file final.txt (compact mmCIF, C-alpha atoms)
# COMPACT_ATOMS: atom_id res chain seq x y z
CA MET U 1 62.69 50.62 29.51
CA SER U 2 63.92 48.83 26.45
CA ILE U 3 65.57 45.49 25.99
CA GLU U 4 68.45 45.32 23.53
CA PRO U 5 68.65 41.75 22.29
CA ASN U 6 72.37 41.96 21.58
CA THR U 7 73.33 43.05 25.07
CA VAL U 8 71.38 40.35 26.88
CA PRO U 9 73.63 37.43 27.78
CA SER U 10 72.56 34.05 26.53
CA THR U 11 70.71 31.83 28.95
CA GLU U 12 73.00 29.37 30.66
CA ILE U 13 71.65 26.39 32.57
CA VAL U 14 73.94 25.13 35.30
CA VAL U 15 73.85 22.41 37.94
CA HIS U 16 75.92 23.33 40.98
CA ARG U 17 76.91 20.96 43.83
CA THR U 18 79.44 21.28 46.63
CA VAL U 19 80.93 18.74 49.04
CA SER U 20 83.61 19.01 51.67
CA VAL U 21 86.10 16.17 52.11
CA PRO U 22 88.69 15.59 54.86
CA LEU U 23 91.68 15.47 52.51
CA ALA U 24 94.26 17.96 51.31
CA ALA U 25 93.50 19.41 47.87
CA ASP U 26 96.11 17.38 46.00
CA ARG U 27 94.79 14.12 47.47
CA ALA U 28 91.19 15.10 46.77
CA PHE U 29 92.14 15.89 43.17
CA ALA U 30 93.95 12.57 42.81
CA LEU U 31 91.08 10.61 44.31
CA PHE U 32 88.58 12.36 42.07
CA THR U 33 90.49 11.69 38.86
CA GLU U 34 92.48 8.48 39.44
CA ARG U 35 89.77 6.58 41.25
CA MET U 36 86.70 7.79 39.42
CA SER U 37 85.81 4.13 38.88
CA ASP U 38 85.36 3.78 42.64
CA TRP U 39 82.81 6.56 43.07
CA TRP U 40 81.08 6.79 39.70
CA PRO U 41 77.41 5.68 39.87
CA ARG U 42 77.69 2.34 38.08
CA GLU U 43 74.33 2.47 36.35
CA HIS U 44 75.50 5.53 34.44
CA SER U 45 77.25 3.74 31.65
CA ILE U 46 76.88 4.08 27.89
CA GLY U 47 78.92 1.02 27.00
CA SER U 48 77.66 -2.37 25.87
CA SER U 49 79.00 -4.04 29.00
CA ALA U 50 79.33 -3.03 32.65
CA ILE U 51 81.95 -0.45 33.63
CA ALA U 52 85.35 -1.87 34.53
CA GLN U 53 87.13 1.46 34.70
CA VAL U 54 86.51 5.18 34.27
CA VAL U 55 89.58 6.87 32.84
CA VAL U 56 90.51 10.56 32.89
CA GLU U 57 93.75 10.98 30.96
CA PRO U 58 95.87 13.27 33.18
CA HIS U 59 96.54 16.15 30.82
CA THR U 60 94.70 18.95 29.02
CA GLY U 61 93.32 17.50 25.80
CA GLY U 62 93.19 13.99 27.27
CA ARG U 63 90.24 11.67 26.78
CA TRP U 64 87.59 10.86 29.34
CA PHE U 65 86.14 7.43 28.76
CA GLU U 66 84.77 4.25 30.25
CA ARG U 67 86.29 0.85 29.66
CA GLY U 68 83.84 -2.00 29.85
CA VAL U 69 84.48 -5.41 31.37
CA ASP U 70 84.58 -6.74 27.79
CA GLY U 71 87.47 -4.33 27.06
CA THR U 72 85.58 -1.94 24.78
CA GLU U 73 86.07 1.77 25.31
CA CYS U 74 83.35 4.41 25.07
CA GLN U 75 84.42 8.00 25.06
CA TRP U 76 82.47 10.42 27.26
CA GLY U 77 84.37 13.60 26.52
CA ARG U 78 87.69 15.35 26.93
CA VAL U 79 89.84 17.08 29.51
CA ALA U 80 89.55 20.81 28.78
CA ARG U 81 91.72 21.94 31.70
CA TRP U 82 94.05 19.88 33.87
CA GLU U 83 95.49 22.03 36.65
CA PRO U 84 96.08 19.98 39.80
CA PRO U 85 95.45 20.46 42.62
CA GLY U 86 92.96 23.29 42.15
CA GLU U 87 91.14 23.10 38.86
CA LEU U 88 89.71 20.51 36.50
CA VAL U 89 87.37 21.02 33.55
CA LEU U 90 85.92 18.01 31.76
CA LEU U 91 83.83 18.24 28.63
CA TRP U 92 80.78 16.01 28.94
CA GLN U 93 79.90 15.11 25.38
CA ILE U 94 77.28 12.44 25.82
CA GLY U 95 74.28 13.20 23.66
CA THR U 96 70.70 12.63 24.58
CA ASN U 97 70.85 9.32 22.71
CA TRP U 98 73.55 8.13 25.15
CA THR U 99 76.39 8.13 22.66
CA PHE U 100 79.49 10.29 22.36
CA ASP U 101 78.74 13.38 20.31
CA PRO U 102 81.83 15.47 19.49
CA SER U 103 79.64 18.41 18.45
CA LEU U 104 78.07 18.66 21.92
CA GLU U 105 80.14 20.34 24.62
CA THR U 106 78.77 20.69 28.12
CA GLU U 107 81.35 21.61 30.75
CA VAL U 108 81.92 19.95 34.10
CA GLU U 109 84.02 22.45 36.02
CA ILE U 110 85.46 21.22 39.34
CA SER U 111 87.44 23.33 41.77
CA PHE U 112 89.31 22.00 44.82
CA THR U 113 89.81 24.61 47.54
CA ALA U 114 91.76 23.62 50.66
CA ASP U 115 91.06 25.17 54.06
CA THR U 116 93.88 27.11 55.74
CA ALA U 117 95.03 24.09 57.75
CA GLY U 118 95.23 22.04 54.54
CA THR U 119 93.34 19.15 56.09
CA SER U 120 90.03 19.48 54.29
CA THR U 121 88.99 20.55 50.82
CA VAL U 122 85.81 21.98 49.40
CA VAL U 123 84.98 20.39 46.06
CA GLU U 124 82.71 22.57 43.99
CA LEU U 125 81.21 21.16 40.82
CA ARG U 126 79.40 23.08 38.12
CA HIS U 127 77.91 21.25 35.15
CA ARG U 128 77.56 24.16 32.74
CA HIS U 129 75.83 24.85 29.45
CA LEU U 130 73.10 22.26 29.83
CA GLU U 131 70.97 24.49 27.61
CA ARG U 132 73.00 23.04 24.74
CA TYR U 133 70.87 19.94 25.07
CA GLY U 134 68.16 22.15 23.57
CA ASP U 135 69.89 21.76 20.21
CA GLN U 136 69.58 18.02 20.53
CA ALA U 137 65.94 17.90 21.28
CA GLU U 138 65.21 15.65 18.32
CA THR U 139 66.65 12.67 20.14
CA MET U 140 65.21 13.60 23.50
CA ARG U 141 62.19 11.43 23.05
CA GLY U 142 64.43 8.36 22.79
CA VAL U 143 66.12 9.29 26.03
CA PHE U 144 62.86 9.59 27.86
CA ASP U 145 61.59 6.33 26.48
CA SER U 146 64.72 4.21 26.83
CA PRO U 147 64.96 1.69 29.67
CA GLY U 148 66.65 3.37 32.59
CA GLY U 149 66.09 6.69 30.85
CA TRP U 150 64.49 9.78 32.17
CA THR U 151 60.88 8.67 32.27
CA GLY U 152 60.97 7.26 35.76
CA ILE U 153 63.02 10.11 37.14
CA LEU U 154 60.82 12.71 35.52
CA THR U 155 57.65 10.99 36.66
CA ARG U 156 58.90 10.99 40.22
CA TYR U 157 60.01 14.59 39.87
CA VAL U 158 56.59 15.68 38.64
CA GLU U 159 54.94 13.78 41.48
CA VAL U 160 57.08 15.58 44.02
CA ALA U 161 56.88 18.97 42.34
CA SER U 162 53.13 19.08 41.84
CA MET Y 1 52.52 23.46 37.76
CA PRO Y 2 55.22 22.68 35.18
CA ALA Y 3 54.32 21.85 31.59
CA SER Y 4 53.96 18.13 31.06
CA ALA Y 5 56.84 16.19 29.56
CA ALA Y 6 54.55 15.29 26.66
CA ALA Y 7 53.87 18.95 25.87
CA VAL Y 8 57.58 19.74 26.00
CA LEU Y 9 58.46 16.83 23.73
CA ASP Y 10 55.72 17.65 21.25
CA ALA Y 11 56.92 21.24 21.12
CA LEU Y 12 60.48 20.10 20.52
CA GLY Y 13 59.43 17.51 17.96
CA ASP Y 14 59.33 20.07 15.14
CA SER Y 15 62.56 21.14 13.45
CA ARG Y 16 61.29 24.68 12.84
CA ARG Y 17 60.51 25.11 16.51
CA ARG Y 18 63.94 23.83 17.39
CA SER Y 19 65.52 26.33 15.01
CA ILE Y 20 63.52 29.09 16.74
CA LEU Y 21 64.77 27.88 20.12
CA GLU Y 22 68.34 27.83 18.86
CA ARG Y 23 68.04 31.47 17.80
CA LEU Y 24 66.58 32.43 21.16
CA LEU Y 25 69.49 30.77 22.98
CA GLY Y 26 71.50 33.82 21.89
CA GLY Y 27 69.09 36.24 23.55
CA PRO Y 28 65.52 37.57 23.34
CA MET Y 29 64.08 38.33 19.88
CA ALA Y 30 60.96 39.76 18.32
CA VAL Y 31 58.73 37.77 15.96
CA GLY Y 32 59.69 39.91 12.99
CA VAL Y 33 63.41 39.42 13.51
CA LEU Y 34 62.96 35.66 13.82
CA ALA Y 35 60.93 35.61 10.60
CA GLU Y 36 63.67 37.55 8.81
CA GLN Y 37 66.39 35.18 9.96
CA LEU Y 38 64.57 31.90 9.36
CA PRO Y 39 62.92 30.46 6.27
CA ILE Y 40 59.56 30.61 8.04
CA SER Y 41 56.74 33.07 7.44
CA ARG Y 42 55.84 35.53 10.14
CA PRO Y 43 52.42 33.99 10.89
CA ALA Y 44 54.05 30.56 11.11
CA VAL Y 45 56.70 31.90 13.50
CA SER Y 46 53.91 33.32 15.68
CA GLN Y 47 52.15 29.98 15.70
CA HIS Y 48 55.31 28.06 16.63
CA LEU Y 49 56.04 30.57 19.37
CA ARG Y 50 52.57 29.97 20.76
CA VAL Y 51 53.23 26.22 20.97
CA LEU Y 52 56.63 26.85 22.60
CA LYS Y 53 54.99 29.22 25.06
CA GLU Y 54 52.35 26.65 25.99
CA ALA Y 55 55.12 24.12 26.60
CA GLU Y 56 56.72 26.76 28.82
CA LEU Y 57 59.92 26.64 26.79
CA VAL Y 58 59.75 30.34 25.92
CA ILE Y 59 58.47 33.40 27.73
CA GLU Y 60 56.91 36.46 26.08
CA ALA Y 61 57.98 39.82 27.40
CA VAL Y 62 56.42 43.14 26.39
CA ALA Y 63 58.86 46.04 26.06
CA GLY Y 64 56.92 49.14 25.02
CA THR Y 65 55.22 48.21 21.77
CA ARG Y 66 57.54 45.29 21.11
CA HIS Y 67 56.88 41.70 22.03
CA LEU Y 68 60.09 39.85 22.71
CA TYR Y 69 60.45 36.12 23.18
CA ARG Y 70 63.13 34.50 25.27
CA ILE Y 71 64.11 31.02 26.45
CA ASN Y 72 62.47 29.91 29.67
CA PRO Y 73 65.17 28.07 31.65
CA ALA Y 74 62.48 26.39 33.75
CA GLY Y 75 61.39 24.55 30.58
CA PHE Y 76 64.67 22.68 30.75
CA GLU Y 77 63.91 21.60 34.29
CA ALA Y 78 63.93 17.91 33.37
CA VAL Y 79 67.48 18.12 32.05
CA ARG Y 80 68.67 20.12 35.01
CA ASP Y 81 66.90 17.86 37.46
CA TYR Y 82 68.47 14.79 35.92
CA PHE Y 83 72.01 16.15 36.27
CA ASP Y 84 71.30 17.57 39.70
CA ARG Y 85 70.32 14.10 40.94
CA PHE Y 86 73.19 12.48 39.12
CA TRP Y 87 75.89 14.74 40.60
CA THR Y 88 74.37 14.56 44.07
CA THR Y 89 74.74 10.78 44.03
CA ALA Y 90 78.18 10.91 42.45
CA LEU Y 91 79.60 13.47 44.88
CA ASP Y 92 78.07 11.68 47.88
CA ASN Y 93 79.93 8.56 46.74
CA PHE Y 94 83.09 10.58 46.28
CA ALA Y 95 82.86 12.15 49.75
CA ALA Y 96 82.31 8.72 51.34
CA LEU Y 97 85.38 7.37 49.56
CA ALA Y 98 87.39 10.44 50.66
CA ARG Y 99 86.36 9.93 54.29
CA ALA Y 100 87.41 6.28 54.12
CA GLU Y 101 90.71 7.30 52.54
CA ALA Y 102 91.32 9.94 55.22
CA ALA Y 103 90.58 7.44 57.99
CA THR Y 104 93.10 4.89 56.70
CA ARG Y 105 95.86 7.45 56.11
CA THR Y 106 95.61 9.58 59.24
CA ASP Y 107 94.83 6.74 61.61
CA PRO Y 108 97.51 4.09 61.02
CA ALA Y 109 97.32 3.20 64.73
CA ASP Y 110 93.88 1.74 64.18
CA GLU Y 111 95.40 -1.72 64.04
CA SER Y 112 97.01 -1.33 67.47
CA GLY Y 113 94.63 0.55 69.66
CA SER Y 114 96.96 0.88 72.66
CA GLU Y 115 99.59 2.84 70.77
CA ARG Y 116 96.97 5.31 69.70
CA GLU Y 117 95.76 5.74 73.25
CA GLU Y 118 99.26 6.46 74.47
CA LYS Y 119 99.67 9.23 71.93
CA TRP Y 120 96.42 10.79 72.88
CA ASP Y 121 97.20 10.60 76.58
CA GLU Y 122 100.33 12.70 76.26
CA HIS Y 123 98.36 15.89 76.90

call {"tool": "encode", "arguments": {"input": "final.txt", "output": "structure tokens"}}
result
Amino acid sequence: MSIEPNTVPSTEIVVHRTVSVPLAADRAFALFTERMSDWWPREHSIGSSAIAQVVVEPHTGGRWFERGVDGTECQWGRVARWEPPGELVLLWQIGTNWTFDPSLETEVEISFTADTAGTSTVVELRHRHLERYGDQAETMRGVFDSPGGWTGILTRYVEVAS
Amino acid sequence: MPASAAAVLDALGDSRRRSILERLLGGPMAVGVLAEQLPISRPAVSQHLRVLKEAELVIEAVAGTRHLYRINPAGFEAVRDYFDRFWTTALDNFAALARAEAATRTDPADESGSEREEKWDEH
């Protein structure tokens, strides 16, 4: 057996989560995008002040950003695909130093699939190409060391895993 | 037992090792090919690969007489774990909000319980 380097696909690292919600697909899509402020974990903010609003501009090419209570805006990424009610792709472009990095593109792909009755919808989320953080490893140390960074999470993870 | 975060960070703390990792993101490679493509001598490439291997960021595979190195996805466990936790929390919040939304829209009779009972008693 031989391995041909050029035919081996590159390694992709993906996080995959699924939830089912008791709404039709169009309403699930609207809730997900228009009211992101209401479900976004508040501590996950890169702005200088607390999150007032999370905005997904409703078109392909739109911006995805947080607006702080002090009015400042911090971009998180872009809308790569806007196809209600079934498909949404957001580019998550937050670097390991918790700032917007236009050269980093990780994809958050969300699909909304209604059941036959149209009363509930399966929301499937894939955060793809996390291996691209490998290119940013230089700043990783800062992420681990920053307050509210990864240190605590990782420590707990290692405790559980070992 | 996963490699310690310190070992991973030390391994990633060197720009030449990062450039090796970047090459390997495209697929497995042999030491010689890496040395040809990077401004690093072959012995130095071998040494960096050893550090990356100890940090469990790369895996060595033997194919016949060739030794190929490839990215070890498990080495990125911390990144994946972080996002896995993040999206679990976020989607749990979203599902709770969706359930609340569904309850208010499909159950307008909540405010007058008797009306709702009448409807349900029709059967």

call {"tool": "closest_residue", "arguments": {"input": "final.txt", "among": "U:Asp101, U:Glu57, U:Glu12, U:Glu66", "to": "chain Y", "atoms": "only C-alpha atoms"}}
result
U:Glu12

call {"tool": "closest_residue", "arguments": {"input": "final.txt", "among": "U:Leu88, U:Ile51, U:Ala114, U:Val123", "to": "chain Y", "atoms": "only C-alpha atoms"}}
result
U:Val123

call {"tool": "atom_distance", "arguments": {"input": "final.txt", "atom1": "atom CA of Y:Ala11", "atom2": "atom CA of U:Phe100"}}
result
25.1 Å

call {"tool": "residues_around", "arguments": {"input": "final.txt", "residues": "U:Trp76", "least_positions_apart": "4", "cutoff": "8 Å", "atoms": "only C-alpha atoms", "output": "MDAnalysis selection string"}}
result
chainID U and resid 63:66 92:94 99:100

call {"tool": "closest_residue", "arguments": {"input": "final.txt", "among": "U:Gly71, U:Glu83, U:Leu104, U:Val56", "to": "U:Arg35", "atoms": "only C-alpha atoms"}}
result
U:Val56

call {"tool": "closest_atom_pairs", "arguments": {"input": "final.txt", "of": "chain Y", "to": "chain U", "cutoff": "7 Å", "atoms": "all atoms listed in the file", "output": "tab-separated table"}}
result
residue	atom	partner	partner_atom	distance
Y:Met1	CA	U:Ser162	CA	6.0
Y:Leu9	CA	U:Arg141	CA	6.6
Y:Leu12	CA	U:Ala137	CA	5.9
Y:Gly13	CA	U:Glu138	CA	6.1
Y:Arg18	CA	U:Asp135	CA	6.9
Y:Glu22	CA	U:Asp135	CA	6.4
Y:Leu25	CA	U:Ser10	CA	5.7
Y:Gly26	CA	U:Ser10	CA	4.8
Y:Gly27	CA	U:Ser10	CA	5.1
Y:Pro28	CA	U:Pro5	CA	5.3
Y:Met29	CA	U:Pro5	CA	6.2
Y:Ala63	CA	U:Ser2	CA	5.8
Y:Pro73	CA	U:Ile13	CA	6.8
Y:Ala78	CA	U:Leu154	CA	6.4
Y:Arg80	CA	U:Val15	CA	6.4
Y:Phe83	CA	U:Val15	CA	6.7
Y:Asp84	CA	U:Val15	CA	5.7
Y:Thr88	CA	U:Arg17	CA	6.9
Y:Ala90	CA	U:Trp40	CA	5.7
Y:Leu91	CA	U:Val19	CA	6.8
Y:Asn93	CA	U:Trp39	CA	5.1
Y:Phe94	CA	U:Trp39	CA	5.2
Y:Ala95	CA	U:Val21	CA	5.7
Y:Ala98	CA	U:Val21	CA	6.0
Y:Arg99	CA	U:Pro22	CA	6.1
Y:Ala102	CA	U:Leu23	CA	6.2

call {"tool": "atom_distance", "arguments": {"input": "final.txt", "atom1": "atom CA of U:Glu105", "atom2": "atom CA of U:Gly62"}}
result
14.8 Å
